[in-house]
Amino acid sequence: MADFTVGDDHFRLDGRPVRLLSGALHYFRVHEAHWDHRLSMLRAMGLNCVETYVPWNLHEPEPGVFRDVAALGRFLDAAHRAGLWAIVRPGPYICAEWENGGLPAWVTGRFGRRVRTRDAGYLEAVERWFAELLPQVVERQIDRGGPVVMVQVENEYGSYGTDQVYLGRLAEVLRGHGVSVPLFTSDGPEDHMLTGGSVPGVLATANFGSGAREAFEVLRRHQPEGPLMCMEFWCGWFDHWGAAPTVRDPAEAAQALREILECGASVNIYMAHGGTNFAGWAGANRSGPVQDQDFQPTVTSYDYDAPIDEYGRPTEKFWLFREVLAEFADGPLPELPPEPAGLAAPVRAELTGWAPLSVVLEVLGDPERAESGVPPTFEELGVDRGLVRYEVAVPGSRRPYALGVTGLRDRAVVYVDGVREGVLSGESATLDEPVAGPASVELWVESLGRVNYGPRLAEPKGITGGIRHERQYLHGVRARALRLAAFEEPGAVDAVPFGAVAERGRTGLYRGSFESAVSERAGLPDHAGIELPGWTRGFVWVNGFCLGRYWSAGPQRTLYVPGPVLREGVNEVWVLEVEGAGDPWVELGPGVPVRAGTPEGAQSLSGDL
């Protein structure tokens, strides 16, 4: 057992000063079979601690339905085996470029703008969740022989609100459920953020990517005593679909890290290893000074330009960080574990089966809702990730008018009398060609990720306004959902009646296979990458494991395939294409991270974060 405390100027372990050299690694973005390797990489870089968020929506997809909450405990046990302390950030809101900032869609659908406030109903839902989650943390605290040294209260709350009653209540709930290690908050080093996000008696930390001395001066104005810590040192950044990848110069990042440590501060490198947004869990942002303008969905890769890349390999940034951290370590740094081996040679998976979306919906979709006056939102349908087909009639006889959607989130493929007429995106969008009545209209709408940061958090998805013909709303709407979760049910896809592959360009579910050769020396590869040249937008599964979204908009071209999902012999591939398929094959290779080789047109991440 050990005693970890917050001293006047340092963290203290059994009374002696210690510095936390931490790295962010999210257990839910890394295949469990790879946890030990990635944690060993953190140790080899010179870190003594790992930090992770906990996504509420992953573990409680429906009210009272809990899914593998024990995964957090298993990860903390792995950190302990690796000789690392652990920092846990349980939310309930986590941001993290994760769907809805980690809040379940049923929570934001029910409470809307009341989330992240003192609202009694919202707090009741949080308390039920924490009652389920926190035993995983409490029994693994350092004063009980485990690795957990600190637990966060909410997350960057000063970027969102000023409800001190809410923050105080969360701190009470954490303590009430047995959290005895130090609590902390983390916010940007700005007066309004630290004022809004700090809790009296709880350690405040700062998040930034550069300018450590100036940032800590601001923090000291709000917290004259206590250890200094950068809880998120942004050594890289995330990417959005349709935008160039963002990179940060490794030498500049290493110098910024050195400045933090020369201030005598502790640090948490965000991210040390980013991993992947599997299964459509990537979030989204809004552009603009206060994140309330254009919609910006986040890509599947969460490589983050981190020192350990998405495939678990050291980068130039890793080696420079290791040099810096070695100067502040207690002793020699351990050697690196063996580098993960990729697929030895490219393999083509031929897609030989196809079923149209309408058939897939009939087999795997939710029951159709009763006709309603207005289109129900995804939240009203109880849908987190997936598609919704909206059907409505244009009455007639009437002349051609513009057909459009108000409050569209996020993207709709539109069919009129069974013929595809276009793709709509944006809050208010109209087809190029007018539509006459009578006509039957289908709109297949996909959420590209819920906003995870800023004032547009908790906004609903789907058609949130209405379907218009000229200025007139069309009523009598039928809606039916096709959830990504339906594909996870054992044997569900086997019930789909696949036929021969249709001509190029069709939407639907495609099925094929490839054979994985096993080396007698090395066994199955640690990873592969999968590409879909000529395909437009959708999701890929390998042996029932959802790799995430692909989209020809880029910048990501290759989806990461964890080696543990591969098997010797025949491997099955499913592709759900929602806009337009390419030739009926996909290719697997050794894998290339989204930023490999600093792609042409990449945006440089300036040092003013």
# chains A, B, ... in the order shown; residues from 1 in each chain; ligands from 1
>>> residues_around(residues="stretch 192-207 of chain A", least_positions_apart="3", cutoff="8 Å", atoms="only C-alpha atoms", output="tab-separated table (two decimals) with C-alpha atoms, in the first residue's frame")
chain	number	residue	atom	x	y	z
A	6	VAL	CA	-0.87	16.65	-3.21
A	156	GLU	CA	-12.47	20.89	-19.28
A	157	TYR	CA	-15.67	22.23	-17.78
A	158	GLY	CA	-14.39	25.80	-17.95
A	159	SER	CA	-14.66	25.61	-21.74
A	161	GLY	CA	-20.02	26.35	-18.26
A	162	THR	CA	-19.89	27.87	-14.78
A	163	ASP	CA	-22.15	25.58	-12.74
A	164	GLN	CA	-20.12	25.23	-9.56
A	167	LEU	CA	-18.98	20.36	-10.20
A	168	GLY	CA	-19.20	20.25	-6.43
A	182	PRO	CA	-6.47	13.17	-5.09
A	183	LEU	CA	-9.13	14.68	-7.32
A	184	PHE	CA	-8.25	17.21	-10.02
A	185	THR	CA	-9.75	19.36	-12.77
A	186	SER	CA	-8.17	20.30	-16.11
A	187	ASP	CA	-8.84	23.42	-18.18
A	188	GLY	CA	-7.22	25.74	-20.65
A	189	PRO	CA	-4.82	28.28	-19.08
A	215	ALA	CA	0.41	28.96	-18.94
A	216	PHE	CA	1.67	28.12	-15.46
A	219	LEU	CA	-2.58	28.79	-13.31
A	222	HIS	CA	-5.82	30.87	-9.57
A	223	GLN	CA	-3.91	28.30	-7.49
A	226	GLY	CA	0.15	22.87	-5.18
A	228	LEU	CA	2.06	22.28	-11.38
A	229	MET	CA	0.83	19.89	-14.04
A	230	CYS	CA	0.01	20.08	-17.72
A	231	MET	CA	-2.75	17.49	-17.86
A	232	GLU	CA	-2.90	17.59	-21.66
A	233	PHE	CA	0.31	18.44	-23.47
A	234	TRP	CA	-0.95	18.47	-27.05
>>> residues_around(residues="stretch 450-452 of chain A", least_positions_apart="6", cutoff="6 Å", atoms="only C-alpha atoms", output="list in words")
Cys95, Glu97, Glu99, Asn100, Gly101, Gly283, Ala284 and Asn285 of chain A
>>> select_by_dssp(residues="stretch 345-429 of chain A", states="helix (DSSP H, G or I)", output="PDB file with N, CA, C and O atoms, in the first residue's frame")
ATOM      1  N   LEU A 357     -29.506  -1.997 -49.701  1.00  0.00           N
ATOM      2  CA  LEU A 357     -29.768  -1.434 -48.377  1.00  0.00           C
ATOM      3  C   LEU A 357     -31.178  -1.746 -47.898  1.00  0.00           C
ATOM      4  O   LEU A 357     -31.408  -1.994 -46.710  1.00  0.00           O
ATOM      5  N   SER A 358     -32.144  -1.700 -48.808  1.00  0.00           N
ATOM      6  CA  SER A 358     -33.534  -1.951 -48.397  1.00  0.00           C
ATOM      7  C   SER A 358     -33.706  -3.350 -47.837  1.00  0.00           C
ATOM      8  O   SER A 358     -34.455  -3.563 -46.870  1.00  0.00           O
ATOM      9  N   VAL A 359     -32.990  -4.329 -48.404  1.00  0.00           N
ATOM     10  CA  VAL A 359     -33.066  -5.704 -47.904  1.00  0.00           C
ATOM     11  C   VAL A 359     -32.366  -5.813 -46.554  1.00  0.00           C
ATOM     12  O   VAL A 359     -32.863  -6.465 -45.623  1.00  0.00           O
ATOM     13  N   VAL A 360     -31.203  -5.177 -46.437  1.00  0.00           N
ATOM     14  CA  VAL A 360     -30.480  -5.189 -45.162  1.00  0.00           C
ATOM     15  C   VAL A 360     -31.334  -4.562 -44.069  1.00  0.00           C
ATOM     16  O   VAL A 360     -31.388  -5.059 -42.935  1.00  0.00           O
ATOM     17  N   LEU A 361     -32.020  -3.489 -44.417  1.00  0.00           N
ATOM     18  CA  LEU A 361     -32.897  -2.828 -43.446  1.00  0.00           C
ATOM     19  C   LEU A 361     -34.020  -3.756 -43.006  1.00  0.00           C
ATOM     20  O   LEU A 361     -34.372  -3.801 -41.822  1.00  0.00           O
ATOM     21  N   GLU A 362     -34.594  -4.510 -43.948  1.00  0.00           N
ATOM     22  CA  GLU A 362     -35.682  -5.423 -43.598  1.00  0.00           C
ATOM     23  C   GLU A 362     -35.216  -6.495 -42.621  1.00  0.00           C
ATOM     24  O   GLU A 362     -35.943  -6.899 -41.714  1.00  0.00           O
ATOM     25  N   VAL A 363     -33.966  -6.963 -42.783  1.00  0.00           N
ATOM     26  CA  VAL A 363     -33.464  -8.068 -41.961  1.00  0.00           C
ATOM     27  C   VAL A 363     -32.882  -7.572 -40.634  1.00  0.00           C
ATOM     28  O   VAL A 363     -33.147  -8.160 -39.572  1.00  0.00           O
ATOM     29  N   LEU A 364     -32.091  -6.495 -40.679  1.00  0.00           N
ATOM     30  CA  LEU A 364     -31.351  -6.059 -39.498  1.00  0.00           C
ATOM     31  C   LEU A 364     -31.904  -4.784 -38.864  1.00  0.00           C
ATOM     32  O   LEU A 364     -31.467  -4.407 -37.776  1.00  0.00           O
ATOM     33  N   PHE A 378     -32.799  11.035 -34.608  1.00  0.00           N
ATOM     34  CA  PHE A 378     -32.138   9.815 -34.174  1.00  0.00           C
ATOM     35  C   PHE A 378     -32.387   9.579 -32.692  1.00  0.00           C
ATOM     36  O   PHE A 378     -32.569   8.432 -32.259  1.00  0.00           O
ATOM     37  N   GLU A 379     -32.358  10.634 -31.904  1.00  0.00           N
ATOM     38  CA  GLU A 379     -32.557  10.496 -30.457  1.00  0.00           C
ATOM     39  C   GLU A 379     -33.956   9.983 -30.155  1.00  0.00           C
ATOM     40  O   GLU A 379     -34.153   9.129 -29.273  1.00  0.00           O
ATOM     41  N   GLU A 380     -34.945  10.482 -30.871  1.00  0.00           N
ATOM     42  CA  GLU A 380     -36.319  10.016 -30.653  1.00  0.00           C
ATOM     43  C   GLU A 380     -36.490   8.568 -31.094  1.00  0.00           C
ATOM     44  O   GLU A 380     -37.341   7.850 -30.555  1.00  0.00           O
ATOM     45  N   LEU A 381     -35.666   8.134 -32.034  1.00  0.00           N
ATOM     46  CA  LEU A 381     -35.691   6.738 -32.468  1.00  0.00           C
ATOM     47  C   LEU A 381     -34.795   5.855 -31.610  1.00  0.00           C
ATOM     48  O   LEU A 381     -34.768   4.631 -31.790  1.00  0.00           O
TER      49      LEU A 381
END
>>> atom_distance(atom1="atom CA of A:Thr117", atom2="atom CA of A:Gly454")
14.4 Å
>>> closest_residue(among="A:Gly505, A:Pro340, A:Gly15, A:Pro455", to="A:Pro314", atoms="only C-alpha atoms")
A:Pro340
>>> closest_residue(among="A:Gly462, A:Pro525, A:Gly83, A:Gly365", to="A:Ala345", atoms="only C-alpha atoms")
A:Pro525
>>> closest_residue(among="A:Thr507, A:Thr377, A:Ser440, A:Ser447", to="A:Ala393", atoms="only C-alpha atoms")
A:Ser440
>>> select_by_dssp(residues="stretch 145-336 of chain A", states="strand (DSSP E or B)", output="number ranges by chain")
A: 148-152, 183-187, 203-208, 229-234, 240, 246-247, 266-273, 276, 282, 284-286, 295-298, 301, 308, 314
>>> write_last_selection(atoms="C-alpha atoms", output="PDB file, in the first residue's frame")
ATOM      1  CA  VAL A 148      -4.549   4.669  -9.649  1.00  0.00           C
ATOM      2  CA  VAL A 149      -3.076   7.888  -8.252  1.00  0.00           C
ATOM      3  CA  MET A 150      -5.584  10.556  -9.363  1.00  0.00           C
ATOM      4  CA  VAL A 151      -9.167  10.882 -10.631  1.00  0.00           C
ATOM      5  CA  GLN A 152     -10.608  13.795 -12.582  1.00  0.00           C
ATOM      6  CA  LEU A 183      -9.131  14.676  -7.324  1.00  0.00           C
ATOM      7  CA  PHE A 184      -8.253  17.215 -10.016  1.00  0.00           C
ATOM      8  CA  THR A 185      -9.746  19.362 -12.773  1.00  0.00           C
ATOM      9  CA  SER A 186      -8.175  20.303 -16.107  1.00  0.00           C
ATOM     10  CA  ASP A 187      -8.837  23.418 -18.180  1.00  0.00           C
ATOM     11  CA  LEU A 203      -6.186  20.462  -7.644  1.00  0.00           C
ATOM     12  CA  ALA A 204      -6.441  22.492 -10.856  1.00  0.00           C
ATOM     13  CA  THR A 205      -4.264  21.539 -13.843  1.00  0.00           C
ATOM     14  CA  ALA A 206      -3.820  23.147 -17.264  1.00  0.00           C
ATOM     15  CA  ASN A 207      -4.059  21.909 -20.852  1.00  0.00           C
ATOM     16  CA  PHE A 208      -1.909  23.383 -23.615  1.00  0.00           C
ATOM     17  CA  MET A 229       0.829  19.891 -14.037  1.00  0.00           C
ATOM     18  CA  CYS A 230       0.014  20.077 -17.723  1.00  0.00           C
ATOM     19  CA  MET A 231      -2.746  17.495 -17.863  1.00  0.00           C
ATOM     20  CA  GLU A 232      -2.903  17.590 -21.659  1.00  0.00           C
ATOM     21  CA  PHE A 233       0.311  18.442 -23.467  1.00  0.00           C
ATOM     22  CA  TRP A 234      -0.947  18.470 -27.050  1.00  0.00           C
ATOM     23  CA  HIS A 240     -11.390  15.909 -39.941  1.00  0.00           C
ATOM     24  CA  THR A 246      -2.369  18.097 -39.247  1.00  0.00           C
ATOM     25  CA  VAL A 247       1.258  17.505 -38.267  1.00  0.00           C
ATOM     26  CA  SER A 266       4.384  17.072 -14.083  1.00  0.00           C
ATOM     27  CA  VAL A 267       2.988  16.277 -17.516  1.00  0.00           C
ATOM     28  CA  ASN A 268       0.532  14.067 -19.345  1.00  0.00           C
ATOM     29  CA  ILE A 269       1.389  13.709 -23.044  1.00  0.00           C
ATOM     30  CA  TYR A 270      -1.821  13.840 -25.076  1.00  0.00           C
ATOM     31  CA  MET A 271      -1.672  11.537 -26.935  1.00  0.00           C
ATOM     32  CA  ALA A 272       1.224   9.168 -26.237  1.00  0.00           C
ATOM     33  CA  HIS A 273      -0.565   6.615 -28.421  1.00  0.00           C
ATOM     34  CA  THR A 276      -8.399   4.143 -33.558  1.00  0.00           C
ATOM     35  CA  ALA A 282     -15.533   9.125 -33.852  1.00  0.00           C
ATOM     36  CA  ALA A 284     -17.219  15.782 -34.553  1.00  0.00           C
ATOM     37  CA  ASN A 285     -16.600  19.479 -34.110  1.00  0.00           C
ATOM     38  CA  ARG A 286     -18.061  22.775 -35.216  1.00  0.00           C
ATOM     39  CA  PHE A 295     -19.880  20.754 -39.054  1.00  0.00           C
ATOM     40  CA  GLN A 296     -16.514  18.928 -39.045  1.00  0.00           C
ATOM     41  CA  PRO A 297     -16.647  15.126 -38.581  1.00  0.00           C
ATOM     42  CA  THR A 298     -13.537  13.417 -37.193  1.00  0.00           C
ATOM     43  CA  SER A 301      -7.845   7.135 -37.259  1.00  0.00           C
ATOM     44  CA  ILE A 308       3.671   6.019 -30.904  1.00  0.00           C
ATOM     45  CA  PRO A 314       7.920   4.509 -32.549  1.00  0.00           C
TER      46      PRO A 314
END
>>> atom_distance(atom1="atom CA of A:Arg12", atom2="atom CA of A:Leu320")
28.0 Å
>>> residues_around(residues="A:Leu58", least_positions_apart="2", cutoff="9 Å", atoms="only C-alpha atoms", output="ChimeraX atom specification")
/A:28,54-56,60-61,66-69,102-104,281
>>> residues_around(residues="A:Glu579", least_positions_apart="3", cutoff="8 Å", atoms="only C-alpha atoms", output="PDB file with N, CA, C and O atoms, in the first residue's frame")
ATOM      1  N   VAL A 413     -28.725  10.612 -48.640  1.00  0.00           N
ATOM      2  CA  VAL A 413     -28.810  10.164 -50.026  1.00  0.00           C
ATOM      3  C   VAL A 413     -30.298  10.099 -50.357  1.00  0.00           C
ATOM      4  O   VAL A 413     -31.062   9.424 -49.657  1.00  0.00           O
ATOM      5  N   GLY A 505     -21.160   1.075 -58.259  1.00  0.00           N
ATOM      6  CA  GLY A 505     -21.887   2.280 -57.886  1.00  0.00           C
ATOM      7  C   GLY A 505     -23.088   2.057 -57.003  1.00  0.00           C
ATOM      8  O   GLY A 505     -23.684   3.020 -56.511  1.00  0.00           O
ATOM      9  N   ARG A 506     -23.483   0.811 -56.761  1.00  0.00           N
ATOM     10  CA  ARG A 506     -24.676   0.540 -55.960  1.00  0.00           C
ATOM     11  C   ARG A 506     -24.356   0.629 -54.473  1.00  0.00           C
ATOM     12  O   ARG A 506     -23.251   0.331 -54.022  1.00  0.00           O
ATOM     13  N   THR A 507     -25.353   1.045 -53.698  1.00  0.00           N
ATOM     14  CA  THR A 507     -25.243   0.996 -52.239  1.00  0.00           C
ATOM     15  C   THR A 507     -25.661  -0.385 -51.760  1.00  0.00           C
ATOM     16  O   THR A 507     -26.272  -1.158 -52.499  1.00  0.00           O
ATOM     17  N   THR A 536     -16.997   4.984 -51.834  1.00  0.00           N
ATOM     18  CA  THR A 536     -17.312   6.359 -51.433  1.00  0.00           C
ATOM     19  C   THR A 536     -17.376   6.531 -49.925  1.00  0.00           C
ATOM     20  O   THR A 536     -16.552   7.230 -49.340  1.00  0.00           O
ATOM     21  N   ARG A 537     -18.331   5.903 -49.274  1.00  0.00           N
ATOM     22  CA  ARG A 537     -18.487   6.134 -47.828  1.00  0.00           C
ATOM     23  C   ARG A 537     -19.242   4.965 -47.213  1.00  0.00           C
ATOM     24  O   ARG A 537     -20.237   4.500 -47.766  1.00  0.00           O
ATOM     25  N   GLY A 538     -18.756   4.515 -46.053  1.00  0.00           N
ATOM     26  CA  GLY A 538     -19.439   3.436 -45.362  1.00  0.00           C
ATOM     27  C   GLY A 538     -18.591   2.867 -44.248  1.00  0.00           C
ATOM     28  O   GLY A 538     -17.732   3.569 -43.681  1.00  0.00           O
TER      29      GLY A 538
END
>>> residues_around(residues="A:Asp417", least_positions_apart="3", cutoff="9 Å", atoms="only C-alpha atoms", output="list of chain:residue names")
A:Arg420, A:Ala439, A:Ser440, A:Val441, A:Glu442
>>> residues_around(residues="A:Leu547", least_positions_apart="2", cutoff="8 Å", atoms="only C-alpha atoms", output="VMD selection string")
chain A and resid 278 to 279 539 to 542 545 549 559 to 561
>>> write_last_selection(atoms="N, CA and C atoms", output="tab-separated table (two decimals), in the first residue's frame")
chain	number	residue	atom	x	y	z
A	278	PHE	N	-12.74	2.90	-33.59
A	278	PHE	CA	-13.42	1.76	-34.18
A	278	PHE	C	-14.94	1.96	-34.12
A	279	ALA	N	-15.66	1.23	-34.99
A	279	ALA	CA	-17.11	1.04	-34.89
A	279	ALA	C	-17.91	2.33	-34.96
A	539	PHE	N	-18.81	1.60	-43.95
A	539	PHE	CA	-18.14	0.93	-42.83
A	539	PHE	C	-17.62	-0.43	-43.28
A	540	VAL	N	-16.55	-0.88	-42.60
A	540	VAL	CA	-15.92	-2.18	-42.93
A	540	VAL	C	-15.82	-3.02	-41.67
A	541	TRP	N	-16.11	-4.30	-41.83
A	541	TRP	CA	-15.91	-5.29	-40.76
A	541	TRP	C	-14.97	-6.37	-41.25
A	542	VAL	N	-14.09	-6.84	-40.39
A	542	VAL	CA	-13.27	-8.02	-40.65
A	542	VAL	C	-13.56	-9.02	-39.55
A	545	PHE	N	-15.57	-7.70	-36.71
A	545	PHE	CA	-15.03	-6.57	-35.96
A	545	PHE	C	-15.12	-5.32	-36.83
A	549	ARG	N	-15.41	3.90	-40.03
A	549	ARG	CA	-15.89	4.53	-41.26
A	549	ARG	C	-14.74	4.77	-42.24
A	559	LEU	N	-7.68	1.99	-43.47
A	559	LEU	CA	-8.22	1.67	-42.15
A	559	LEU	C	-7.31	0.67	-41.46
A	560	TYR	N	-7.06	0.90	-40.19
A	560	TYR	CA	-6.20	0.03	-39.39
A	560	TYR	C	-6.94	-1.25	-39.03
A	561	VAL	N	-6.28	-2.38	-39.22
A	561	VAL	CA	-6.83	-3.70	-38.88
A	561	VAL	C	-5.99	-4.29	-37.76
>>> atom_distance(atom1="atom CA of A:Arg140", atom2="atom CA of A:His59")
19.1 Å
>>> residues_around(residues="A:Trp354", least_positions_apart="4", cutoff="12 Å", atoms="only C-alpha atoms", output="ChimeraX atom specification")
/A:350,358-360,493,496-504,506-512,573-577,581,584-585
>>> write_last_selection(atoms="N, CA, C and O atoms", output="short mmCIF file (atom, residue, chain, number, x, y, z; two decimals), in the first residue's frame")
data_model
loop_
_atom_site.label_atom_id
_atom_site.label_comp_id
_atom_site.auth_asym_id
_atom_site.auth_seq_id
_atom_site.Cartn_x
_atom_site.Cartn_y
_atom_site.Cartn_z
N GLU A 350 -11.92 -10.51 -52.48
CA GLU A 350 -12.96 -10.38 -53.50
C GLU A 350 -14.32 -10.36 -52.81
O GLU A 350 -14.62 -11.20 -51.96
N SER A 358 -32.14 -1.70 -48.81
CA SER A 358 -33.53 -1.95 -48.40
C SER A 358 -33.71 -3.35 -47.84
O SER A 358 -34.45 -3.56 -46.87
N VAL A 359 -32.99 -4.33 -48.40
CA VAL A 359 -33.07 -5.70 -47.90
C VAL A 359 -32.37 -5.81 -46.55
O VAL A 359 -32.86 -6.47 -45.62
N VAL A 360 -31.20 -5.18 -46.44
CA VAL A 360 -30.48 -5.19 -45.16
C VAL A 360 -31.33 -4.56 -44.07
O VAL A 360 -31.39 -5.06 -42.93
N VAL A 493 -25.69 -11.12 -39.63
CA VAL A 493 -25.42 -10.90 -41.05
C VAL A 493 -25.68 -12.17 -41.86
O VAL A 493 -26.03 -12.10 -43.05
N VAL A 496 -28.93 -12.29 -43.75
CA VAL A 496 -29.15 -11.42 -44.91
C VAL A 496 -29.08 -12.26 -46.18
O VAL A 496 -28.10 -12.99 -46.39
N PRO A 497 -30.09 -12.18 -47.06
CA PRO A 497 -30.06 -12.97 -48.31
C PRO A 497 -29.19 -12.30 -49.37
O PRO A 497 -29.65 -11.46 -50.15
N PHE A 498 -27.91 -12.67 -49.41
CA PHE A 498 -26.99 -12.09 -50.38
C PHE A 498 -27.23 -12.68 -51.76
O PHE A 498 -27.48 -13.89 -51.91
N GLY A 499 -27.12 -11.83 -52.78
CA GLY A 499 -27.16 -12.27 -54.16
C GLY A 499 -25.86 -11.94 -54.85
O GLY A 499 -24.86 -11.60 -54.20
N ALA A 500 -25.87 -12.00 -56.17
CA ALA A 500 -24.68 -11.66 -56.93
C ALA A 500 -24.39 -10.17 -56.81
O ALA A 500 -25.30 -9.36 -56.61
N VAL A 501 -23.12 -9.82 -56.95
CA VAL A 501 -22.72 -8.41 -56.84
C VAL A 501 -23.32 -7.63 -58.01
O VAL A 501 -23.24 -8.05 -59.16
N ALA A 502 -23.92 -6.48 -57.68
CA ALA A 502 -24.53 -5.64 -58.69
C ALA A 502 -23.47 -4.83 -59.41
O ALA A 502 -22.28 -4.90 -59.09
N GLU A 503 -23.93 -4.04 -60.36
CA GLU A 503 -22.98 -3.20 -61.09
C GLU A 503 -22.35 -2.18 -60.16
O GLU A 503 -22.87 -1.85 -59.11
N ARG A 504 -21.21 -1.66 -60.58
CA ARG A 504 -20.46 -0.66 -59.82
C ARG A 504 -21.36 0.52 -59.48
O ARG A 504 -22.19 0.95 -60.27
N ARG A 506 -23.48 0.81 -56.76
CA ARG A 506 -24.68 0.54 -55.96
C ARG A 506 -24.36 0.63 -54.47
O ARG A 506 -23.25 0.33 -54.02
N THR A 507 -25.35 1.04 -53.70
CA THR A 507 -25.24 1.00 -52.24
C THR A 507 -25.66 -0.39 -51.76
O THR A 507 -26.27 -1.16 -52.50
N GLY A 508 -25.32 -0.69 -50.51
CA GLY A 508 -25.75 -1.96 -49.95
C GLY A 508 -24.65 -2.62 -49.13
O GLY A 508 -23.59 -2.03 -48.88
N LEU A 509 -24.91 -3.85 -48.71
CA LEU A 509 -23.96 -4.63 -47.91
C LEU A 509 -23.27 -5.64 -48.82
O LEU A 509 -23.93 -6.44 -49.49
N TYR A 510 -21.94 -5.59 -48.85
CA TYR A 510 -21.13 -6.49 -49.65
C TYR A 510 -20.40 -7.46 -48.72
O TYR A 510 -20.00 -7.09 -47.62
N ARG A 511 -20.21 -8.68 -49.22
CA ARG A 511 -19.54 -9.69 -48.42
C ARG A 511 -18.50 -10.41 -49.27
O ARG A 511 -18.73 -10.69 -50.45
N GLY A 512 -17.33 -10.67 -48.68
CA GLY A 512 -16.29 -11.40 -49.37
C GLY A 512 -15.34 -12.02 -48.37
O GLY A 512 -15.61 -12.07 -47.16
N VAL A 573 -14.99 -10.48 -44.83
CA VAL A 573 -15.06 -9.03 -44.90
C VAL A 573 -16.48 -8.62 -45.26
O VAL A 573 -17.08 -9.19 -46.18
N TRP A 574 -17.00 -7.62 -44.54
CA TRP A 574 -18.27 -7.00 -44.91
C TRP A 574 -18.01 -5.52 -45.18
O TRP A 574 -17.23 -4.89 -44.45
N VAL A 575 -18.65 -4.99 -46.18
CA VAL A 575 -18.57 -3.57 -46.48
C VAL A 575 -19.98 -3.03 -46.64
O VAL A 575 -20.74 -3.51 -47.49
N LEU A 576 -20.33 -2.06 -45.83
CA LEU A 576 -21.63 -1.39 -45.93
C LEU A 576 -21.40 -0.05 -46.63
O LEU A 576 -20.88 0.89 -46.05
N GLU A 577 -21.75 0.01 -47.91
CA GLU A 577 -21.56 1.23 -48.72
C GLU A 577 -22.88 2.00 -48.77
O GLU A 577 -23.92 1.45 -49.13
N ALA A 581 -20.57 2.24 -54.48
CA ALA A 581 -19.49 1.27 -54.38
C ALA A 581 -18.52 1.39 -55.56
O ALA A 581 -18.87 1.84 -56.65
N PRO A 584 -15.68 -4.58 -57.01
CA PRO A 584 -15.99 -5.48 -55.88
C PRO A 584 -14.78 -6.17 -55.28
O PRO A 584 -14.67 -7.39 -55.31
N TRP A 585 -13.88 -5.39 -54.73
CA TRP A 585 -12.76 -5.95 -53.99
C TRP A 585 -12.19 -4.88 -53.07
O TRP A 585 -12.38 -3.68 -53.29
#
>>> closest_residue(among="A:Gly529, A:Trp444, A:Gln603, A:Leu20", to="A:Glu310", atoms="only C-alpha atoms")
A:Gly529
